[in-house]
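Participant: I have a structure here, written as structure tokens, and I will follow up with some questions on it.
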Amino acid sequence: MAIILEHIQEQLRTELDELDRIMSSTLTSDSELTNGIVTNYLKSKGKMLRPIVTLLSAKFFGGINDKALQGAAAIEMLHNASLIHDDVIDQARERRGIPTINSVWSNHVAVLVGDFFVTGALRCGVATGDGRILSALADMGRDLSLGEIDQVDIARNHNIDEETYMNIIRAKTASLFECCAQVGGYANDAPQTAIDELRRYARLLGICFQIKDDTFDYYNDPIIGKPTGNDLREGKVTLPLIYALSRTELPEHDEMLALVSKEEPSSDEIDRLIEFAKHAGGIEYAYETMSRLRDEANDVLSPYSPDETVDLLREIFDYVIDRKL
């Protein structure tokens, strides 16, 4: 599936290179310490999936212009700011196999660098000269924050159902992807009804992305860099286990429900919950859900004549479901 992403990246190579230039230029300062940290961080940037969705959305609505590039840079910097802050909260030592800013320097420095990324995003948002894009970025930041806060609140109560889970990941993850579709549309002055339709596609993509991310918690893979059961240690109950716990007919159901409700389950108890989710069909259910979301996304795209951009939007969904990290 890495081949799919590489193919998409190659179709946008010129634009992605320009995006890199915008981000580097925006995040350059008079502080040698900040420049060193930022430069090192950007060397290990991730898959750039959100900027790719933004640029494809712009192509979908007419073309990639400076507004779209500045908006894509803003989204990516806000996304990275949230990751830097998450690493502080999670006390993470590595991300993508690279030492985190907080582990190399300190939580204090990492929070400030994350804030610096936010100011960079604001500068790019202003550079679009489009109030609608600034409003979309503000709404996305609000949704992202509230989604994370809601997840913390619900984790304290140890009680979550599938509808609540979907609402949380729509806010904390899918809102970023929805913003990508909005920025691409506003950059080309597309009709609001058309933007709303592509935004629906992006919402489905973002939800699917988070479900896939959550399945990684059930397998020990050093490439991912996320310990097995890490979500459960933080009190986060995700779709595979939610489905397993919905199967009240299973003989171990009550025992597993009691373990989930514990304030601090032991490592052994977390391992048991993970195995329970697997044996009860939780992983299969997660993949069935992602497949259904892909079908819904294809329905959104089906009225449009097949072309390179529509095909690439379909390919991204395949990549998200099949990716290994």
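In the structure tokens, the first chain shown is A, the next is B, and so on; residue numbers restart at 1 for each chain, and ligands run from 1 in the order shown.
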Quick one: residues within 10 Å of Tyr287 (chain A), only C-alpha atoms, excluding same-chain residues fewer than 6 positions away - as a ChimeraX atom specification?

Facilitator: /A:208,211-212,215,240,293,321-322

Participant: For the residues selected in the previous step, produce a file with N, CA and C atoms as a compact mmCIF listing (two decimals), in the first residue's frame.

Facilitator:
```
# COMPACT_ATOMS: atom_id res chain seq x y z
N CYS A 208 -12.43 6.74 9.06
CA CYS A 208 -11.78 5.50 8.68
C CYS A 208 -10.31 5.51 9.11
N ILE A 211 -10.13 4.79 12.86
CA ILE A 211 -10.44 3.39 13.17
C ILE A 211 -9.24 2.50 12.86
N LYS A 212 -8.62 2.74 11.71
CA LYS A 212 -7.43 1.96 11.35
C LYS A 212 -6.32 2.19 12.36
N THR A 215 -6.79 0.17 15.46
CA THR A 215 -6.52 -1.28 15.37
C THR A 215 -5.06 -1.59 15.66
N PRO A 240 -12.75 -2.05 18.20
CA PRO A 240 -12.71 -3.51 18.35
C PRO A 240 -13.23 -3.99 19.70
N LEU A 293 -17.63 2.37 5.24
CA LEU A 293 -17.32 3.79 5.09
C LEU A 293 -16.77 4.08 3.69
N ILE A 321 -7.10 2.24 4.55
CA ILE A 321 -7.55 0.96 5.11
C ILE A 321 -6.44 -0.06 5.17
N ASP A 322 -5.58 -0.08 4.16
CA ASP A 322 -4.57 -1.15 4.05
C ASP A 322 -3.20 -0.77 4.57
```

Participant: Extract, using only C-alpha atoms, all DNA, RNA and protein residues at most 10 Å from Val88 (chain A), discarding same-chain residues fewer than 6 positions from it, and format them as a VMD selection string.

Facilitator: chain A and resid 82 100 to 103 106 to 111 114

Participant: Restrict the selected residues to N, CA and C atoms and save them as an mmCIF file, in the first residue's frame.

Facilitator:
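Contents of selection.cif, freshly written:
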```cif
data_model
loop_
_atom_site.group_PDB
_atom_site.id
_atom_site.type_symbol
_atom_site.label_atom_id
_atom_site.label_comp_id
_atom_site.auth_asym_id
_atom_site.auth_seq_id
_atom_site.Cartn_x
_atom_site.Cartn_y
_atom_site.Cartn_z
ATOM 1 N N SER A 82 -0.563 19.678 17.112
ATOM 2 C CA SER A 82 -1.322 18.767 17.973
ATOM 3 C C SER A 82 -0.510 17.513 18.308
ATOM 4 N N THR A 100 11.204 12.258 20.261
ATOM 5 C CA THR A 100 10.297 13.407 20.294
ATOM 6 C C THR A 100 11.013 14.645 20.825
ATOM 7 N N ILE A 101 10.439 15.810 20.551
ATOM 8 C CA ILE A 101 11.024 17.064 21.018
ATOM 9 C C ILE A 101 11.091 17.079 22.537
ATOM 10 N N ASN A 102 10.033 16.597 23.189
ATOM 11 C CA ASN A 102 10.012 16.612 24.651
ATOM 12 C C ASN A 102 11.052 15.673 25.265
ATOM 13 N N SER A 103 11.378 14.585 24.555
ATOM 14 C CA SER A 103 12.370 13.665 25.096
ATOM 15 C C SER A 103 13.791 14.180 24.909
ATOM 16 N N SER A 106 12.699 19.217 26.467
ATOM 17 C CA SER A 106 11.885 19.195 27.690
ATOM 18 C C SER A 106 10.441 19.415 27.301
ATOM 19 N N ASN A 107 9.531 19.133 28.231
ATOM 20 C CA ASN A 107 8.121 19.410 27.971
ATOM 21 C C ASN A 107 7.903 20.900 27.708
ATOM 22 N N HIS A 108 8.608 21.722 28.460
ATOM 23 C CA HIS A 108 8.475 23.173 28.322
ATOM 24 C C HIS A 108 8.793 23.614 26.891
ATOM 25 N N VAL A 109 9.938 23.176 26.391
ATOM 26 C CA VAL A 109 10.350 23.544 25.032
ATOM 27 C C VAL A 109 9.368 22.978 24.008
ATOM 28 N N ALA A 110 8.943 21.725 24.198
ATOM 29 C CA ALA A 110 8.043 21.086 23.236
ATOM 30 C C ALA A 110 6.710 21.840 23.138
ATOM 31 N N VAL A 111 6.155 22.250 24.266
ATOM 32 C CA VAL A 111 4.892 23.001 24.244
ATOM 33 C C VAL A 111 5.068 24.313 23.493
ATOM 34 N N GLY A 114 5.316 23.630 19.808
ATOM 35 C CA GLY A 114 3.974 23.359 19.301
ATOM 36 C C GLY A 114 3.188 24.644 19.107
#
```

Participant: So which bits of region 62-146 of chain A end up alpha helix (DSSP H) when you DSSP the backbone, as a PyMOL selection string?

Facilitator: chain A and resi 66-90+101-104+107-127+131-146

Participant: Could you turn the residues from that selection into a file that holds C-alpha atoms, as an mmCIF file, in the first residue's frame?

Facilitator:
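That gives us result25.cif:
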```cif
data_model
loop_
_atom_site.group_PDB
_atom_site.id
_atom_site.type_symbol
_atom_site.label_atom_id
_atom_site.label_comp_id
_atom_site.auth_asym_id
_atom_site.auth_seq_id
_atom_site.Cartn_x
_atom_site.Cartn_y
_atom_site.Cartn_z
ATOM 1 C CA ASP A 66 -1.661 29.785 -3.812
ATOM 2 C CA LYS A 67 -4.735 29.868 -1.562
ATOM 3 C CA ALA A 68 -4.871 26.085 -1.549
ATOM 4 C CA LEU A 69 -1.133 25.779 -0.863
ATOM 5 C CA GLN A 70 -1.227 28.264 2.026
ATOM 6 C CA GLY A 71 -4.328 26.558 3.428
ATOM 7 C CA ALA A 72 -2.740 23.110 3.133
ATOM 8 C CA ALA A 73 0.357 24.390 4.946
ATOM 9 C CA ALA A 74 -1.825 25.807 7.721
ATOM 10 C CA ILE A 75 -3.647 22.499 8.189
ATOM 11 C CA GLU A 76 -0.403 20.529 8.278
ATOM 12 C CA MET A 77 1.167 22.875 10.823
ATOM 13 C CA LEU A 78 -1.906 22.700 13.077
ATOM 14 C CA HIS A 79 -1.816 18.915 12.774
ATOM 15 C CA ASN A 80 1.868 18.831 13.723
ATOM 16 C CA ALA A 81 1.269 21.196 16.626
ATOM 17 C CA SER A 82 -1.322 18.767 17.973
ATOM 18 C CA LEU A 83 1.130 15.859 17.612
ATOM 19 C CA ILE A 84 3.883 17.742 19.454
ATOM 20 C CA HIS A 85 1.478 18.565 22.277
ATOM 21 C CA ASP A 86 0.179 14.966 22.320
ATOM 22 C CA ASP A 87 3.730 13.706 22.799
ATOM 23 C CA VAL A 88 4.017 15.898 25.882
ATOM 24 C CA ILE A 89 0.713 14.659 27.282
ATOM 25 C CA ASP A 90 1.569 11.014 26.555
ATOM 26 C CA ILE A 101 11.024 17.064 21.018
ATOM 27 C CA ASN A 102 10.012 16.612 24.651
ATOM 28 C CA SER A 103 12.370 13.665 25.096
ATOM 29 C CA VAL A 104 15.361 15.504 23.592
ATOM 30 C CA ASN A 107 8.121 19.410 27.971
ATOM 31 C CA HIS A 108 8.475 23.173 28.322
ATOM 32 C CA VAL A 109 10.350 23.544 25.032
ATOM 33 C CA ALA A 110 8.043 21.086 23.236
ATOM 34 C CA VAL A 111 4.892 23.001 24.244
ATOM 35 C CA LEU A 112 6.436 26.258 23.063
ATOM 36 C CA VAL A 113 7.492 24.729 19.731
ATOM 37 C CA GLY A 114 3.974 23.359 19.301
ATOM 38 C CA ASP A 115 2.642 26.856 19.953
ATOM 39 C CA PHE A 116 5.098 28.189 17.353
ATOM 40 C CA PHE A 117 3.612 25.796 14.789
ATOM 41 C CA VAL A 118 0.166 27.181 15.648
ATOM 42 C CA THR A 119 1.353 30.741 14.961
ATOM 43 C CA GLY A 120 2.788 29.538 11.644
ATOM 44 C CA ALA A 121 -0.577 28.072 10.746
ATOM 45 C CA LEU A 122 -2.260 31.371 11.565
ATOM 46 C CA ARG A 123 0.185 33.242 9.328
ATOM 47 C CA CYS A 124 -0.569 30.896 6.417
ATOM 48 C CA GLY A 125 -4.292 31.202 7.077
ATOM 49 C CA VAL A 126 -4.020 34.994 6.900
ATOM 50 C CA ALA A 127 -1.917 34.688 3.721
ATOM 51 C CA GLY A 131 -12.062 34.708 5.702
ATOM 52 C CA ARG A 132 -13.885 31.474 4.901
ATOM 53 C CA ILE A 133 -10.627 29.536 5.070
ATOM 54 C CA LEU A 134 -9.682 31.197 8.360
ATOM 55 C CA SER A 135 -13.121 30.319 9.731
ATOM 56 C CA ALA A 136 -12.742 26.685 8.600
ATOM 57 C CA LEU A 137 -9.337 26.476 10.298
ATOM 58 C CA ALA A 138 -10.759 27.947 13.516
ATOM 59 C CA ASP A 139 -13.699 25.534 13.526
ATOM 60 C CA MET A 140 -11.354 22.616 12.916
ATOM 61 C CA GLY A 141 -9.086 23.628 15.818
ATOM 62 C CA ARG A 142 -12.104 23.927 18.090
ATOM 63 C CA ASP A 143 -13.466 20.512 17.085
ATOM 64 C CA LEU A 144 -10.066 18.877 17.478
ATOM 65 C CA SER A 145 -9.614 20.247 21.001
ATOM 66 C CA LEU A 146 -13.139 19.415 22.132
#
```

Participant: As a compact mmCIF listing (two decimals) with N, CA and C atoms, in the first residue's frame, list the residues of region 42-206 of chain A assigned to strand (DSSP E or B) by DSSP on the backbone atoms of this structure.

Facilitator:
```
# COMPACT_ATOMS: atom_id res chain seq x y z
N GLU A 94 9.32 8.54 21.47
CA GLU A 94 9.58 8.49 20.04
C GLU A 94 8.29 8.69 19.26
N ARG A 95 8.44 9.21 18.04
CA ARG A 95 7.34 9.27 17.08
C ARG A 95 7.95 8.97 15.71
N ILE A 98 11.61 8.36 15.64
CA ILE A 98 12.51 9.48 15.91
C ILE A 98 12.23 10.02 17.31
N PRO A 99 13.28 10.35 18.09
CA PRO A 99 13.04 10.92 19.42
C PRO A 99 12.16 12.16 19.36
```

Participant: Residues at most 7 Å from region 151-156 of chain A, counting only C-alpha atoms, excluding those fewer than 4 positions away in the same chain, as an mmCIF file with C-alpha atoms, in the first residue's frame?

Facilitator:
```cif
data_model
loop_
_atom_site.group_PDB
_atom_site.id
_atom_site.type_symbol
_atom_site.label_atom_id
_atom_site.label_comp_id
_atom_site.auth_asym_id
_atom_site.auth_seq_id
_atom_site.Cartn_x
_atom_site.Cartn_y
_atom_site.Cartn_z
ATOM 1 C CA GLY A 147 -12.864 15.895 20.692
ATOM 2 C CA ILE A 160 -18.461 4.313 25.805
ATOM 3 C CA ILE A 168 -15.313 11.622 19.280
ATOM 4 C CA GLY A 235 -8.606 4.584 29.492
ATOM 5 C CA LYS A 236 -9.497 4.790 25.779
#
```

Participant: For a test of reading the model, state the distance in Å between CA of Val310 (chain A) and CA of Phe60 (chain A), rounded to one decimal.

Facilitator: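 For CA of Val310 (chain A) relative to CA of Phe60 (chain A), the distance reads 7.3 Å.
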
Participant: Identify, on the basis of only C-alpha atoms, every residue whose closest approach to Ser29 (chain A) does not exceed 10 Å; exclude the query and any residue fewer than 5 positions from it along the same chain; express the result as a list of chain:residue names.

Facilitator: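 Once the adjacent positions are removed, what remains is A:Ser24, A:Thr34, A:Asn35, A:Val38, A:Phe116.
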
Participant: Residues near Arg21 (chain A), anyone? I mean within 12 Å using only C-alpha atoms, not counting same-chain ones fewer than 3 positions away, as a list in words.

Facilitator: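 Once the nearby chain positions are removed, what remains is Thr14, Glu15, Leu16, Asp17, Glu18, Ser24, Ser25, Thr26, Leu27, Thr28, Thr39, Leu42, Leu69, Gln70 and Ala73 of chain A.
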
Participant: Taking only C-alpha atoms into account, name the residue in A:Tyr219, A:Tyr165, A:Tyr41, A:Tyr285 that is nearest to Ile207 (chain A).

Facilitator: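 Of A:Tyr219, A:Tyr165, A:Tyr41, A:Tyr285, the one nearest Ile207 (chain A) is A:Tyr165, counting only C-alpha atoms.
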
Participant: Could you tell me which of A:Leu241, A:Pro306, A:Glu288, A:Glu263 comes closest to Phe276 (chain A) if we count only C-alpha atoms?

Facilitator: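 Ranked by minimum distance to Phe276 (chain A), first place goes to A:Leu241.
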
Participant: Find the residues around Glu163 (chain A) up to 12 Å (only C-alpha atoms counted), leave out those fewer than 4 positions away in its own chain, and share them as JSON, numbers by chain.

Facilitator: {"A": [159, 167, 168, 169, 170, 238, 239, 242, 243]}

Participant: Please identify all polymer residues within 12 Å of Leu312 (chain A), counting only C-alpha atoms, omitting same-chain residues fewer than 2 positions from it, and present them as a ChimeraX atom specification.

Facilitator: /A:4-12,52-53,55-57,59-60,298,301,306-310,314-319

Participant: Keeping only C-alpha atoms, write those residues as a tab-separated table (two decimals), in the first residue's frame.

Facilitator:
```tsv
chain	number	residue	atom	x	y	z
A	4	ILE	CA	-0.34	3.72	-3.66
A	5	LEU	CA	0.79	6.63	-1.49
A	6	GLU	CA	4.02	7.04	-3.44
A	7	HIS	CA	1.98	7.13	-6.66
A	8	ILE	CA	-0.27	9.86	-5.26
A	9	GLN	CA	2.70	11.83	-3.97
A	10	GLU	CA	4.37	11.68	-7.36
A	11	GLN	CA	1.28	13.12	-9.04
A	12	LEU	CA	1.59	16.11	-6.70
A	52	ILE	CA	-2.53	15.76	-0.09
A	53	VAL	CA	-6.29	15.67	0.54
A	55	LEU	CA	-4.49	19.68	-2.82
A	56	LEU	CA	-6.64	16.96	-4.39
A	57	SER	CA	-9.76	18.79	-3.19
A	59	LYS	CA	-7.86	20.01	-8.10
A	60	PHE	CA	-11.32	18.51	-7.78
A	298	ASN	CA	-17.52	5.98	-3.26
A	301	LEU	CA	-17.84	10.43	-5.66
A	306	PRO	CA	-14.06	9.49	-13.63
A	307	ASP	CA	-10.81	11.41	-13.96
A	308	GLU	CA	-7.36	11.39	-12.39
A	309	THR	CA	-8.39	13.39	-9.33
A	310	VAL	CA	-11.47	11.28	-8.57
A	314	ARG	CA	-10.60	6.66	-4.25
A	315	GLU	CA	-7.01	5.41	-3.98
A	316	ILE	CA	-6.45	7.35	-0.76
A	317	PHE	CA	-9.31	5.48	0.87
A	318	ASP	CA	-7.75	2.15	-0.14
A	319	TYR	CA	-4.43	3.29	1.24
```
